[in-house]
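Single-structure report; data block below.
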Amino acid sequence: MNFFRKKHKLTVSFSLQYFSNIVSIFLVLALSFNQPKFSPTPIWDFNGITFANRSIVGQSPTAIFVNVNNTVYVANWQDNTIVIWQEENVSPTKIIHGNFTKPDSLFVTSDGDIYIDDGKENGRVQKWIAETSIFVTMMNVSSRCAGLFVDINDTLYCSMFGHHQVVKRSLNDSVMAPNRVAAGTGIYGSASNQLAGPRGIYVDISLDLYVSDCINDRVQLFQSGNSNGITVAGSGSLNPTIILSCPNGIVLDADKYLFIADSANHRIVGSSSNGFRCLVGCYGEGSQSNQFLGTFCFSFDGSGNMFVTDSNNGRVQKFLLMKDSFALSFNQPKFCPTATWNPNGITIANQSIVGRDPRAIFMSTNNTIYVVNRDNNTIVMWQEESINPTKIIEGNFTSPLSLFVTSSGDIYIDDGVKNGRIQKWIAETSIFVTVMNVKSSCFGLFVDINDTLYCSMHDRHQVMKRSLNDSVMAPNRVAAGTGSPGLASNQLDDPAGIYVDVNLDLYVADSFNNRVQLFQSGELNGITVAGSGSLNPTITLFCPNGIILDAEKYLFIVDLANSRIVGSGLNGFRCLVGCYGRGSQSNQLTNSFSFSLDSSGNMFVTDSFNHRIQKFNYLKRYCANTSSIIQKIFSSSLTNSNQIYYRDCDKQNFYYESIQVNVFESGYYTFRGSGNIDPYGSIYKTKFNPLDPSDNLLDKEYDSGFDVQFRLNIHLDVDMTYVLVVTTYESKGTGEFSVVALGKNKVILERLSAPINVQSKYSLKLTEDSPTYYRDCQVPHCHYETLQIHVNTSGSYVLWSESNINAYGYIYKNDFNPLKPSENLLLSHGGPKQSSCVIGDQCNFHIKGIGLTLDDILRDELQPDKVLNNQSFSIKLSAGLTIIMFVAGLINSILSFITFQHKDSQQVGCGMYLLTSSITSLLAIVLFIIKFWFVVLTQIIVFTSLSVLRGGCASIEPILKLFLYLDGWLNACVAVERAVLIFKGVNFDKKKSKSIARRTILIIPFCVFGTLIHELVFRRLFVYEAAPGISKTDEKPNNRYVSCITHYSPSIQHYNTAVLFFHLVGPFIVNLFSALFIIFGGARQRSMARTNQSFREHIQEQFSEHRQLIISPIVLLVLSIPRLIISLLPGCVKTSEMKVFESGYYTFRGSGNIDPYGSIYKVKFNPLDPLDNLLDKEYDSGSDVQFRLNIHLDVDMTYVLVVTTYESKGTGEFSVVALGENKVILERLSTPVNIQLKYPLKLTEDSPTYYRDCQVPHCHYETLQIHVNTSGLYVLWSESNINAYGYIYKNDFNPLKPSENLLLSHGGPEQSSCVIGDQCNFHIKGIGLTLDDILRDELQPNKVLNNQSFSIKFSAGLTIIMFVAGLINSILSFITFQSKDSQQVGCGMYLLASAITSLLAISMFIIKFWFVVLTQINVSTSLSVLRGGCVSIESILKLFLYFDGWLNACVAVERAVLILKGVNFDKKKSKSIARRTILILPFCILEMYMKAFKQSFNRIRRRTSP
């Protein structure tokens, strides 16, 4: 059973939730109030700050609202005003007076309009309009509005307290329509459609309405359009974890968790994944800073701080969000529904360590164990993995029964039996102080999240508490119990263990009443949640003691007198450990008093009367198992009539049965197969494909116990179909079998596969006269026979051969071409399919690089010797689209030519560029149509001359690219000339423009052609023939296959990629920045001529006028992106497959009181590399805690079986059983560790030092020379009071080169991240992190950018965005400050120089980034290029960055001088100083660089000198 496991994360139906998610994306910015996103466990300061007192907000403030910019609105109920101030202001910034009377509520919209209640006397809701500062009536009501809300659809809601109803009306209606009912019938009542005194309301973005139903002490949710409410909090809720008393204001956070002003309980409560808990005002009613007296309303600011109207105290309190989460000091693991612990415990501490009768234990989150030794009154501490205690604390306490450790390491310990107190050991000072006075021993101690200390006084039948935040030790308060023993709900009888959850709910082990009581926060009446008197008794307790809750609030109890630990779950309580009666065996306990959990879920128990601490390991893998309820039994048999399939690559046939599986409830299910066969089970998702048995495979299993069976434990979803396939472990096994399905709900098992019907038997014979073909390169002459297959019914068919030869089988679709054996291949057995990355056949092939050409796209679609009408639809569609594109391009080019060939159009260079562009466009579209039909016709007509093919391959595509790139650059030239025209204005020289255009038109083709010349060199025709003995120059078409390829080296490929980027992105950048220059330059000119408009308005006009100049290059770039992507498509990767041939099966089974994990290795086991030689591993195959390895072993091979534990550092006894057909010899290889030598060492100030790494340069060290008499595995470890690092070196240790000869390290990395290079060639870096350091480890050599990691591609994108933004900023700054007016003083000159240096800096940055990326990718980059880039790029980048920084500093200095001088400021002198400063600064920075360089060089020279 799950005790009050309440998750008040309120949800709606899927469709509404989906809608709300979509709407929230667009409307979240329109919300006028804050919806913070909190962690699962937020904490507010319990002491509020009085934000506004009675003098500001009146006698009884009720309404408050904080908007998204943290403006606070409070209705002053006393003088009928609205008080407004910013959160950071002490005094109000505005007070609005109105004609409303005693308002109860207000709501502020995102535009600043205020809706305020005026219903008590005037029967209306008023709106104060921010724009006009006037009030208007927006709604007529017949009662005061205790709550107001405006939803995202501008609907106004009012909760009419006196009429028990929530009404609403749309604010979009032009006339004030009558109100509509949102919730409630208007009649006082508690039915689901009724309300009683509704107060606070909240409407979420799904239009779901939440109502504080005050008199009914509940919160109701009315889903959109539904008049019946759902109780989500308080009286009548499905999972009550809070008792409300007249709830008022309500708020939902970003995760839809509910926060409520619990008015009559004077507190604010909130929900989370653990249910409700008190947040502030948790100390009862009053006027202290941590108390309220009537909480009506509250609101969050943007930081999550809480503002509350403390009405009867006449103030507004602010509670700061202290931390968005709290750290528990103990572990709360999350267990699966079928959590299982090893029934056999391990003794981690005996009487010699913990004394007699140990009672108290605590495990911290870092797995430090604390146990009280009552014999000598000490606290023993040790880490879980330590054998011996790491610390023993002695104190003046006597026979303590409990302890508690906080997250800071402070220890609270019981000292009540004689001294009547609780002591605290302070970790920081190592001293004890008294923190609480008590009148009895504390059988349980606990410190809650509010730092409140609890003590369960066994003899006083009470649980007492006191706050540790109080400066003085205040008297204790009663948490539970009356002080007299009894069975009533408010009584206890000898309480023992206690636990307080995050909701401040108190759980008490009511020992002598044999029950566990829950006292909800603030309640003195308990609820019995376990044991005698519980509502759903599933366990009988006898003197319960320690109690713990896990992460999901399931209860774990020490059942002391029954000597066991029990725990709750979905099906109630069950015994977890100690389930075999009282005793001293490893699976028994005798009077266990307390227990604790480590972070892994392992359980530590004080086995008191056995004087020991027992550890019970948590077995995580049993989480896959479900409750053993048999839901279905399926019986069948495998015969030689069953269908067969190849289960794996050993080519053996297996009979199988396929069974469809459906479940009625999602969860874990178990399928267990058994019978007189040796079954092998596999389960698949959706469908099972016998031709590819690895497709859709979820899990498989072939043996899980001695009873010859398989067991599959798997999670199945309710809306999914699965297929269970049962076959045999050995080939062609037959016999009966059954499958048992176990789970929590019904399982449907239906047979899918039907018995096989042999439809045809065909006899074939391969002879010397059979035709031959190239099957692969190793076996070129293979005889073959072909069979044509026709079927009458579609479905799955099996074809197999039985012969005295090693036969290979292949299935082809439509046709088999022996000259191209990979063409049309559907399925093969005994040979691989051919990669699509390979052109050619198996013996003559070319592996493609990156890029996708028209040849690649069309080659596989085109069918030789077939007219176009008989080609595939995709070819005919491509042909049609190509013709349409050609016609459209032709018309466009001709019209452009006609337009720009007039002399009037050629008065300036722009017209000449456009005329040339129309010609190149015409040539490009003509070349494209030629290219398409050349590829189509030469692939169809197989006897085309090789010389024609070579000529077309070498020339057509490069010429096409030439025209395309030329056209792009001509359009860029047009954009540049337009920008120059704007810049020059009336001074624009048309003749000079035409002259430049003529020269540009002549030069650009040669420049573009120069970048493409490598294509002519590396583009060639790949010719291959499928039959031997034919020359490559032979023109016999029947055996010849050709393809046009480019064979680039890696460096040429990088160059080709760079050229592609340059020709596609370059014109775009030129067009874009020319357009921006035209817009801003034109705006600047107009602003000088027409001063009646602002510069911004001129920019808007220019943008509106010239927006096509911005849009067109962007459209062109978008259209070019497919070309870019296609050109950068990833290359191909070849894979290889290895087969091994095995013989005889053997089984090794391990079991014991440990949780064994078995691995088997071939030849040898290397503990330093446990994956080396690994054959198989297994860690659990049954409920009896064991492993089972089933494996083929060869008679002439040595194997190593390694046995360890599933969890770290497990110890205990185990046994291994070997089963097989013949004798098995098992001999121990590893021996117990024998300590051969103990060597004491001491590091002192006199010990030598060396650079271990860059962070800890001066490390003292000692060296030991190690000699061994016998080769083998040795273990070295240290025990010391320092944090020791150990390193092992071969032959010699060189303190000047600590990575040289390094074999192994523990406690530190083999090589520091500060070291570049290997052990023999390395450099120790200094401080700082460069772009090389950041990118080096991420970049993968010899991979194009598209195949790099996401972080590299993301960095590239960000770098380009930064470059474009920086470029725009620099250019705009240059345009702004290059005018003479801006340079009247030195300030303008500094800013102009800064614009230039910024431009250069961002340019150097983009160069630096791509230099690092491309040189790391292209490993064959010339060393001279790398040296040049290393020496120059970063230094120049730093020069520009530093120069820019100092220029801005000069601007600041000159501004200060201007303020100082005032009217005496000398502009000429300022300009003169600026000129000299701009000239001198670069040389100063360079001088500093040179000095640093010389010093570094001298240091290096001194170090390397003998």
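Each chain in the structure tokens gets a letter, A, B, ..., in the order shown, and its residues are numbered from 1; ligands are numbered from 1 in order too.
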| field | Contacts of segment 96-106 of chain A within 7 Å, only C-alpha atoms, excl. fewer than 3 positions in-chain, as a ChimeraX atom specification | value | /A:62-63,75,77-78,80-83,114-118,121,145-148
Next, write the just-selected residues to a file, as a CSV table (one decimal), in the first residue's frame, keeping all heavy atoms as the atom set.
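Result file is selection_21.csv:
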chain,number,residue,atom,x,y,z
A,62,THR,N,-6.7,42.7,2.0
A,62,THR,CA,-7.1,41.3,1.5
A,62,THR,C,-6.6,41.0,0.1
A,62,THR,O,-6.2,39.9,-0.2
A,62,THR,CB,-8.7,41.2,1.5
A,62,THR,OG1,-9.2,42.2,0.7
A,62,THR,CG2,-9.2,41.3,2.9
A,63,ALA,N,-6.5,42.0,-0.7
A,63,ALA,CA,-6.2,41.8,-2.2
A,63,ALA,C,-4.8,42.2,-2.5
A,63,ALA,O,-4.4,43.4,-2.1
A,63,ALA,CB,-7.2,42.5,-3.1
A,75,ALA,N,-5.0,46.5,-2.6
A,75,ALA,CA,-6.2,47.3,-2.3
A,75,ALA,C,-6.3,47.6,-0.9
A,75,ALA,O,-6.2,46.8,0.0
A,75,ALA,CB,-7.4,46.4,-2.7
A,77,TRP,N,-8.4,48.5,1.8
A,77,TRP,CA,-9.8,48.3,2.1
A,77,TRP,C,-10.4,49.4,2.9
A,77,TRP,O,-11.6,49.7,2.9
A,77,TRP,CB,-9.9,46.9,2.8
A,77,TRP,CG,-11.2,46.3,2.8
A,77,TRP,CD1,-11.8,45.6,1.8
A,77,TRP,CD2,-12.1,46.1,4.0
A,77,TRP,NE1,-13.0,45.1,2.2
A,77,TRP,CE2,-13.2,45.4,3.5
A,77,TRP,CE3,-12.0,46.6,5.3
A,77,TRP,CZ2,-14.3,45.1,4.4
A,77,TRP,CZ3,-13.1,46.3,6.1
A,77,TRP,CH2,-14.2,45.5,5.7
A,78,GLN,N,-9.5,50.1,3.7
A,78,GLN,CA,-9.9,51.1,4.6
A,78,GLN,C,-10.3,52.4,4.0
A,78,GLN,O,-11.3,53.0,4.2
A,78,GLN,CB,-8.9,51.3,5.7
A,78,GLN,CG,-9.3,52.1,6.9
A,78,GLN,CD,-8.2,52.1,8.0
A,78,GLN,OE1,-7.2,51.4,7.9
A,78,GLN,NE2,-8.5,52.9,9.0
A,80,ASN,N,-10.2,52.9,0.5
A,80,ASN,CA,-10.7,52.6,-0.9
A,80,ASN,C,-9.7,53.2,-1.9
A,80,ASN,O,-10.1,54.0,-2.7
A,80,ASN,CB,-12.1,53.2,-1.1
A,80,ASN,CG,-13.1,52.6,-0.1
A,80,ASN,OD1,-13.0,51.4,0.1
A,80,ASN,ND2,-14.0,53.4,0.4
A,81,THR,N,-8.5,52.8,-1.8
A,81,THR,CA,-7.5,53.2,-2.8
A,81,THR,C,-6.7,51.9,-3.2
A,81,THR,O,-6.8,50.8,-2.6
A,81,THR,CB,-6.4,54.1,-2.2
A,81,THR,OG1,-5.8,53.5,-1.0
A,81,THR,CG2,-7.1,55.5,-1.8
A,82,ILE,N,-6.0,52.1,-4.4
A,82,ILE,CA,-5.1,51.0,-4.9
A,82,ILE,C,-3.7,51.6,-4.7
A,82,ILE,O,-3.3,52.6,-5.3
A,82,ILE,CB,-5.4,50.7,-6.3
A,82,ILE,CG1,-6.8,50.2,-6.5
A,82,ILE,CG2,-4.4,49.6,-6.8
A,82,ILE,CD1,-7.2,50.1,-8.0
A,83,VAL,N,-2.9,50.9,-3.9
A,83,VAL,CA,-1.5,51.3,-3.7
A,83,VAL,C,-0.6,50.5,-4.6
A,83,VAL,O,-0.7,49.3,-4.6
A,83,VAL,CB,-1.1,51.1,-2.2
A,83,VAL,CG1,0.2,51.7,-1.9
A,83,VAL,CG2,-2.2,51.6,-1.3
A,114,ILE,N,-6.5,47.7,-14.4
A,114,ILE,CA,-6.8,47.1,-13.1
A,114,ILE,C,-8.3,46.8,-13.0
A,114,ILE,O,-9.1,47.8,-13.1
A,114,ILE,CB,-6.3,48.0,-11.9
A,114,ILE,CG1,-4.9,48.4,-12.1
A,114,ILE,CG2,-6.6,47.3,-10.6
A,114,ILE,CD1,-4.4,49.4,-11.1
A,115,TYR,N,-8.7,45.6,-12.7
A,115,TYR,CA,-10.0,45.2,-12.4
A,115,TYR,C,-10.2,45.1,-10.9
A,115,TYR,O,-9.4,44.4,-10.3
A,115,TYR,CB,-10.4,43.9,-13.1
A,115,TYR,CG,-10.5,44.0,-14.6
A,115,TYR,CD1,-9.3,43.9,-15.3
A,115,TYR,CD2,-11.7,44.1,-15.2
A,115,TYR,CE1,-9.3,44.0,-16.7
A,115,TYR,CE2,-11.7,44.2,-16.6
A,115,TYR,CZ,-10.5,44.2,-17.3
A,115,TYR,OH,-10.6,44.3,-18.7
A,116,ILE,N,-11.2,45.8,-10.3
A,116,ILE,CA,-11.3,45.8,-8.8
A,116,ILE,C,-12.7,45.5,-8.4
A,116,ILE,O,-13.7,46.0,-9.1
A,116,ILE,CB,-10.7,47.1,-8.3
A,116,ILE,CG1,-10.7,47.0,-6.7
A,116,ILE,CG2,-11.6,48.3,-8.7
A,116,ILE,CD1,-9.7,48.0,-6.1
A,117,ASP,N,-12.9,44.8,-7.3
A,117,ASP,CA,-14.2,44.4,-6.8
A,117,ASP,C,-14.9,45.7,-6.2
A,117,ASP,O,-14.3,46.4,-5.4
A,117,ASP,CB,-14.0,43.4,-5.7
A,117,ASP,CG,-15.3,43.2,-4.8
A,117,ASP,OD1,-16.4,43.2,-5.4
A,117,ASP,OD2,-15.1,43.1,-3.6
A,118,ASP,N,-16.1,45.9,-6.6
A,118,ASP,CA,-17.0,46.9,-6.0
A,118,ASP,C,-18.4,46.4,-5.8
A,118,ASP,O,-19.4,47.1,-6.1
A,118,ASP,CB,-16.9,48.2,-6.9
A,118,ASP,CG,-17.6,49.4,-6.2
A,118,ASP,OD1,-17.7,49.4,-5.0
A,118,ASP,OD2,-18.0,50.3,-6.9
A,121,GLU,N,-21.4,47.1,-2.0
A,121,GLU,CA,-22.4,48.1,-1.9
A,121,GLU,C,-22.9,48.5,-3.3
A,121,GLU,O,-24.1,48.9,-3.4
A,121,GLU,CB,-21.9,49.3,-1.1
A,121,GLU,CG,-21.6,49.0,0.3
A,121,GLU,CD,-21.2,50.2,1.1
A,121,GLU,OE1,-21.3,51.3,0.5
A,121,GLU,OE2,-20.8,50.1,2.3
A,145,CYS,N,-17.1,40.3,-4.9
A,145,CYS,CA,-16.3,39.3,-5.6
A,145,CYS,C,-15.1,39.0,-4.7
A,145,CYS,O,-14.2,39.8,-4.6
A,145,CYS,CB,-15.8,39.9,-6.9
A,145,CYS,SG,-17.1,40.1,-8.2
A,146,ALA,N,-15.1,37.8,-4.1
A,146,ALA,CA,-14.0,37.5,-3.2
A,146,ALA,C,-12.8,37.1,-4.0
A,146,ALA,O,-11.7,37.0,-3.5
A,146,ALA,CB,-14.4,36.3,-2.3
A,147,GLY,N,-13.0,36.8,-5.3
A,147,GLY,CA,-11.9,36.6,-6.2
A,147,GLY,C,-12.2,37.1,-7.6
A,147,GLY,O,-13.4,37.0,-8.1
A,148,LEU,N,-11.2,37.7,-8.3
A,148,LEU,CA,-11.3,38.1,-9.7
A,148,LEU,C,-10.2,37.5,-10.5
A,148,LEU,O,-9.1,37.3,-10.1
A,148,LEU,CB,-11.2,39.7,-9.7
A,148,LEU,CG,-12.4,40.5,-9.3
A,148,LEU,CD1,-12.0,42.0,-9.3
A,148,LEU,CD2,-13.6,40.3,-10.2
| query | Can you list, as a PyMOL selection string, every protein, DNA or RNA residue that comes within 9 Å of segment 478-493 of chain A when you count only C-alpha atoms, leaving out same-chain residues fewer than 6 positions away? | reply | chain A and resi 454+456+458-466+506+508+510-513+517+519+522-528
Contact residues around Gln351 of chain A with only C-alpha atoms at 8 Å, ignoring same-chain residues under 4 positions, as a PDB file with N, CA and C atoms, in the first residue's frame:
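Saved as part-v2.pdb:
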ATOM      1  N   GLY A 355      30.080  -3.084  20.022  1.00  0.00           N
ATOM      2  CA  GLY A 355      29.704  -3.426  21.379  1.00  0.00           C
ATOM      3  C   GLY A 355      28.515  -4.357  21.442  1.00  0.00           C
ATOM      4  N   ARG A 356      28.037  -4.549  22.685  1.00  0.00           N
ATOM      5  CA  ARG A 356      26.871  -5.405  22.871  1.00  0.00           C
ATOM      6  C   ARG A 356      25.583  -4.616  22.632  1.00  0.00           C
ATOM      7  N   HIS A 611      24.508  -8.837  18.401  1.00  0.00           N
ATOM      8  CA  HIS A 611      25.643  -7.916  18.591  1.00  0.00           C
ATOM      9  C   HIS A 611      26.407  -7.676  17.285  1.00  0.00           C
ATOM     10  N   ARG A 612      25.664  -7.330  16.241  1.00  0.00           N
ATOM     11  CA  ARG A 612      26.310  -7.133  14.936  1.00  0.00           C
ATOM     12  C   ARG A 612      25.487  -6.180  14.086  1.00  0.00           C
TER      13      ARG A 612
END
| Can you tell me, as a ChimeraX atom specification, what residues are no more than 7 Å from Ala130 of chain A when counting only C-alpha atoms, ignoring any on the same chain fewer than 2 positions away? | /A:112-113,128,132-133
| Selected residue, from A:Leu156, A:Ser893, A:Leu1481, A:Ser1151, that lies nearest to Asn179 of chain A when counting only C-alpha atoms |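 Looking only at the distances to Asn179 of chain A, the closest residue turns out to be A:Leu156.
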Excluding same-chain residues fewer than 6 positions from Asn350 of chain A, what lies within 12 Å of it counting only C-alpha atoms, as a compact mmCIF listing (two decimals) with N, CA and C atoms, in the first residue's frame?
# COMPACT_ATOMS: atom_id res chain seq x y z
N ARG A 356 28.04 -4.55 22.69
CA ARG A 356 26.87 -5.40 22.87
C ARG A 356 25.58 -4.62 22.63
N ASP A 357 24.62 -5.30 22.09
CA ASP A 357 23.27 -4.75 21.94
C ASP A 357 23.26 -3.39 21.21
N PRO A 358 23.81 -3.31 19.99
CA PRO A 358 23.77 -2.03 19.26
C PRO A 358 22.33 -1.67 18.90
N VAL A 371 27.28 4.46 14.00
CA VAL A 371 26.68 3.49 14.92
C VAL A 371 27.10 3.87 16.34
N ASN A 373 28.11 2.86 19.99
CA ASN A 373 28.60 1.76 20.83
C ASN A 373 28.18 2.08 22.26
N ILE A 387 36.71 -1.48 6.00
CA ILE A 387 36.57 -2.61 6.91
C ILE A 387 36.65 -2.12 8.35
N ASN A 388 37.57 -1.20 8.60
CA ASN A 388 37.78 -0.68 9.95
C ASN A 388 37.20 0.72 10.08
N PRO A 389 36.78 1.09 11.29
CA PRO A 389 36.24 2.45 11.49
C PRO A 389 37.26 3.51 11.13
N THR A 606 20.68 -3.02 12.65
CA THR A 606 21.29 -3.34 13.95
C THR A 606 20.65 -4.63 14.49
N ASP A 607 21.39 -5.71 14.34
CA ASP A 607 20.92 -7.02 14.83
C ASP A 607 21.34 -7.11 16.30
N SER A 608 20.52 -6.48 17.17
CA SER A 608 20.96 -6.13 18.52
C SER A 608 21.40 -7.33 19.35
N PHE A 609 20.55 -8.37 19.47
CA PHE A 609 20.87 -9.46 20.36
C PHE A 609 21.93 -10.39 19.78
N ASN A 610 22.25 -10.23 18.48
CA ASN A 610 23.39 -10.94 17.89
C ASN A 610 24.64 -10.06 17.88
N HIS A 611 24.51 -8.84 18.40
CA HIS A 611 25.64 -7.92 18.59
C HIS A 611 26.41 -7.68 17.28
N ARG A 612 25.66 -7.33 16.24
CA ARG A 612 26.31 -7.13 14.94
C ARG A 612 25.49 -6.18 14.09
N ILE A 613 26.13 -5.68 13.04
CA ILE A 613 25.45 -4.90 12.01
C ILE A 613 25.43 -5.74 10.74
N GLN A 614 24.24 -5.99 10.21
CA GLN A 614 24.09 -6.81 9.02
C GLN A 614 23.78 -5.93 7.80
N LYS A 615 24.41 -6.27 6.68
CA LYS A 615 24.15 -5.58 5.41
C LYS A 615 23.43 -6.54 4.48
| query | Can you list every residue in segment 954-1118 of chain A that DSSP puts in strand (DSSP E or B), as a PyMOL selection string? | reply | chain A and resi 1019-1025+1040-1046
| task | Could you give me, as a list of chain:residue names, the residues within 10 Å of Leu949 of chain A, counting only C-alpha atoms and dropping anything in the same chain fewer than 2 positions from it? | result | A:Phe934, A:Val935, A:Thr938, A:Thr944, A:Ser945, A:Leu946, A:Ser947, A:Gly951, A:Gly952, A:Cys953, A:Ala954, A:Arg1020, A:Leu1021, A:Val1042, A:Ser1043, A:Cys1044
| query | Could you state the separation of atom CA of Gly186 of chain A and atom CA of Val167 of chain A in Å, given to one decimal place? | reply | 10.0 Å
| task | Could you tell me how far atom CA of Leu895 of chain A lies from atom CA of Ile1001 of chain A, in Å and to one decimal? | result |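 It comes out at 20.5 Å.
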| Which neighbours of Ala1395 of chain A fall inside 7 Å, counting only C-alpha atoms, when residues of the same chain fewer than 4 positions from it are skipped, and could you give them as a PyMOL selection string? | chain A and resi 1370+1373-1374+1391+1399
| message | To one decimal place in Å, what is the distance between atom CA of Cys282 of chain A and atom CA of Val435 of chain A? | response | 21.5 Å
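Within segment 413-570 of chain A, DSSP applied to the backbone places the following residues in helix (DSSP H, G or I): A:Ser511, A:Phe512, A:Asn513, A:Leu560, A:Ala561, A:Asn562.
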| field | Closest of A:Lys732, A:Arg421, A:Arg277, A:Arg1475 to Ser521 of chain A - atom-to-atom distances counting only C-alpha atoms | value |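 Of A:Lys732, A:Arg421, A:Arg277, A:Arg1475, the one nearest Ser521 of chain A is A:Arg277, counting only C-alpha atoms.
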